[in-house]
Amino acid sequence: MKTTPSLDEKRIVKEYFNGTGFNRWRNIYGTGEVNQVQADIRLGHQQTITTVLDWLPADLRGFTIADVGCGTGSLTIPLAQRGARVRATDISLKMIQEAQNQARIQRNPQGQFLDQSIEFGVSDLEELQGTYHTVICLDVLIHYPTPQAQRMLRHLAGRASDRLIFSFAPQTFFYSTLKKIGSFFPGASKATRAYLHAERTMTETLTRLGWYPHQRTQISSRFYFACLLDCRRNFGN
Ligand SMILES: C[S@@+](CC[C@H](N)C(=O)[O-])C[C@H]1O[C@@H](n2cnc3c(N)ncnc32)[C@H](O)[C@@H]1O
């Protein structure tokens, strides 16, 4: 049976994160022993999480947040700890199970287990329903070609009432060259394909829908590269 390229890409990503990718990324996002490359990626990723948490209010009670492609819950857990009601979804069942296990054993300052304020779901981010104050999508768009990433952003923008925060690997001359010579992601066999996106293309996709980039930052280490954008809805439109 012939499948469309976009479905094919999703199938590959889903299989990867339910298979070899699950253990690899659970280790990186965890606290156990990792090799030097993974330790570097862990630090870069932690910086992304910390930056997003710095951009959000310390007290998130009353906020609804969707964390799509939530992985093992690196962001979902602290969001729930701050009092947000979180919808956490991922295309990988294994990832959701891991995030759920984490949420079941941790409590918020009021003493409630975090899974009480998180609604987990195994689904493709383009199936996200409902409206949330903030929609967040970290380190997911790297798995998809630019036209697909744009389509995903358009869908997520339609589900956010106020803020859309997302990251992607930026397509600069430097990173494109690194990727071409094969050193962008070490151990290519261990990874899915990595797609770089031009920041301008990402922001233009959203400005056409009445959003604007409120703040941005770039996080880079030896093996981790992310452009992080916090976009707001332009209520003047
Ligand atoms: C590199 S991990 C990032 C996890 C998490 N956002 C974080 O920063 O800790 C990418 C995650 O995106 C998920 N993912 C990939 N494509 C997806 C899609 N189309 N819809 C939902 N989740 C997806 C993967 O299963 C994986 O858990």
# chains A, B, ... in the order shown; residues from 1 in each chain; ligands from 1
>>> residues_near_ligand(ligand="ligand 1", cutoff="7 Å", atoms="only C-alpha atoms and all ligand atoms", output="ChimeraX atom specification")
/A:10,13-14,17,29,45,68-75,89-92,95,123-126,137-140,143
>>> closest_residue(among="A:Leu206, A:Ala80, A:Leu228, A:Ala149", to="A:Gln106", atoms="only C-alpha atoms")
A:Ala80
>>> closest_residue(among="A:Thr201, A:Asn23, A:Ser221, A:Gln215", to="A:Lys94", atoms="only C-alpha atoms")
A:Asn23
>>> select_by_dssp(residues="stretch 11-226 of chain A", states="alpha helix (DSSP H)", output="ChimeraX atom specification")
/A:11-18,20-29,36-55,76-81,93-105,146-159,173-180,199-207
>>> atom_distance(atom1="atom CA of A:Leu114", atom2="atom CA of A:Thr48")
21.8 Å
>>> closest_residue(among="A:Gly158, A:Pro147, A:Pro170, A:Pro213", to="A:Glu199", atoms="only C-alpha atoms")
A:Pro170
>>> select_by_dssp(residues="stretch 20-224 of chain A", states="strand (DSSP E)", output="ChimeraX atom specification")
/A:64-68,85-90,118-122,132-137,160-168,211-220
>>> residues_around(residues="A:Ile219", least_positions_apart="2", cutoff="8 Å", atoms="only C-alpha atoms", output="list of chain:residue names")
A:Gly44, A:Gln47, A:Thr48, A:Thr217, A:Ser221, A:Tyr224, A:Phe225, A:Ala226, A:Cys227, A:Leu228
>>> residues_around(residues="A:Trp211", least_positions_apart="4", cutoff="10 Å", atoms="only C-alpha atoms", output="MDAnalysis selection string")
chainID A and resid 157 162:164 203:207 231:235 237
>>> write_last_selection(atoms="N, CA and C atoms", output="PDB file, in the first residue's frame")
ATOM      1  N   ALA A 157      -1.234  26.542  16.409  1.00  0.00           N
ATOM      2  CA  ALA A 157      -1.647  27.944  16.593  1.00  0.00           C
ATOM      3  C   ALA A 157      -3.167  28.023  16.733  1.00  0.00           C
ATOM      4  N   ASP A 162      -3.469  32.155  23.558  1.00  0.00           N
ATOM      5  CA  ASP A 162      -2.561  33.266  23.851  1.00  0.00           C
ATOM      6  C   ASP A 162      -1.111  33.057  23.415  1.00  0.00           C
ATOM      7  N   ARG A 163      -0.571  31.889  23.740  1.00  0.00           N
ATOM      8  CA  ARG A 163       0.870  31.695  23.500  1.00  0.00           C
ATOM      9  C   ARG A 163       1.161  30.361  22.819  1.00  0.00           C
ATOM     10  N   LEU A 164       2.149  30.413  21.951  1.00  0.00           N
ATOM     11  CA  LEU A 164       2.647  29.184  21.318  1.00  0.00           C
ATOM     12  C   LEU A 164       4.170  29.200  21.455  1.00  0.00           C
ATOM     13  N   THR A 203       8.627  31.760  11.549  1.00  0.00           N
ATOM     14  CA  THR A 203       7.902  32.940  12.054  1.00  0.00           C
ATOM     15  C   THR A 203       6.881  33.424  11.023  1.00  0.00           C
ATOM     16  N   GLU A 204       7.246  33.378   9.732  1.00  0.00           N
ATOM     17  CA  GLU A 204       6.294  33.845   8.710  1.00  0.00           C
ATOM     18  C   GLU A 204       5.031  32.987   8.678  1.00  0.00           C
ATOM     19  N   THR A 205       5.199  31.706   8.940  1.00  0.00           N
ATOM     20  CA  THR A 205       4.041  30.801   8.979  1.00  0.00           C
ATOM     21  C   THR A 205       3.034  31.307  10.010  1.00  0.00           C
ATOM     22  N   LEU A 206       3.571  31.805  11.130  1.00  0.00           N
ATOM     23  CA  LEU A 206       2.684  32.246  12.207  1.00  0.00           C
ATOM     24  C   LEU A 206       2.210  33.684  12.024  1.00  0.00           C
ATOM     25  N   THR A 207       3.067  34.541  11.496  1.00  0.00           N
ATOM     26  CA  THR A 207       2.635  35.942  11.320  1.00  0.00           C
ATOM     27  C   THR A 207       1.458  36.004  10.344  1.00  0.00           C
ATOM     28  N   CYS A 231       5.738  32.765  20.830  1.00  0.00           N
ATOM     29  CA  CYS A 231       4.895  33.588  19.964  1.00  0.00           C
ATOM     30  C   CYS A 231       3.579  33.929  20.665  1.00  0.00           C
ATOM     31  N   ARG A 232       3.114  35.132  20.403  1.00  0.00           N
ATOM     32  CA  ARG A 232       1.861  35.597  21.022  1.00  0.00           C
ATOM     33  C   ARG A 232       0.860  35.941  19.933  1.00  0.00           C
ATOM     34  N   ARG A 233      -0.388  35.836  20.306  1.00  0.00           N
ATOM     35  CA  ARG A 233      -1.442  36.179  19.354  1.00  0.00           C
ATOM     36  C   ARG A 233      -1.557  37.704  19.268  1.00  0.00           C
ATOM     37  N   ASN A 234      -1.637  38.200  18.062  1.00  0.00           N
ATOM     38  CA  ASN A 234      -1.756  39.638  17.855  1.00  0.00           C
ATOM     39  C   ASN A 234      -3.226  40.021  17.954  1.00  0.00           C
ATOM     40  N   PHE A 235      -3.630  40.465  19.167  1.00  0.00           N
ATOM     41  CA  PHE A 235      -5.063  40.720  19.390  1.00  0.00           C
ATOM     42  C   PHE A 235      -5.551  41.939  18.613  1.00  0.00           C
ATOM     43  N   ASN A 237      -5.304  42.325  15.524  1.00  0.00           N
ATOM     44  CA  ASN A 237      -5.725  41.923  14.165  1.00  0.00           C
ATOM     45  C   ASN A 237      -7.226  41.718  14.052  1.00  0.00           C
TER      46      ASN A 237
END
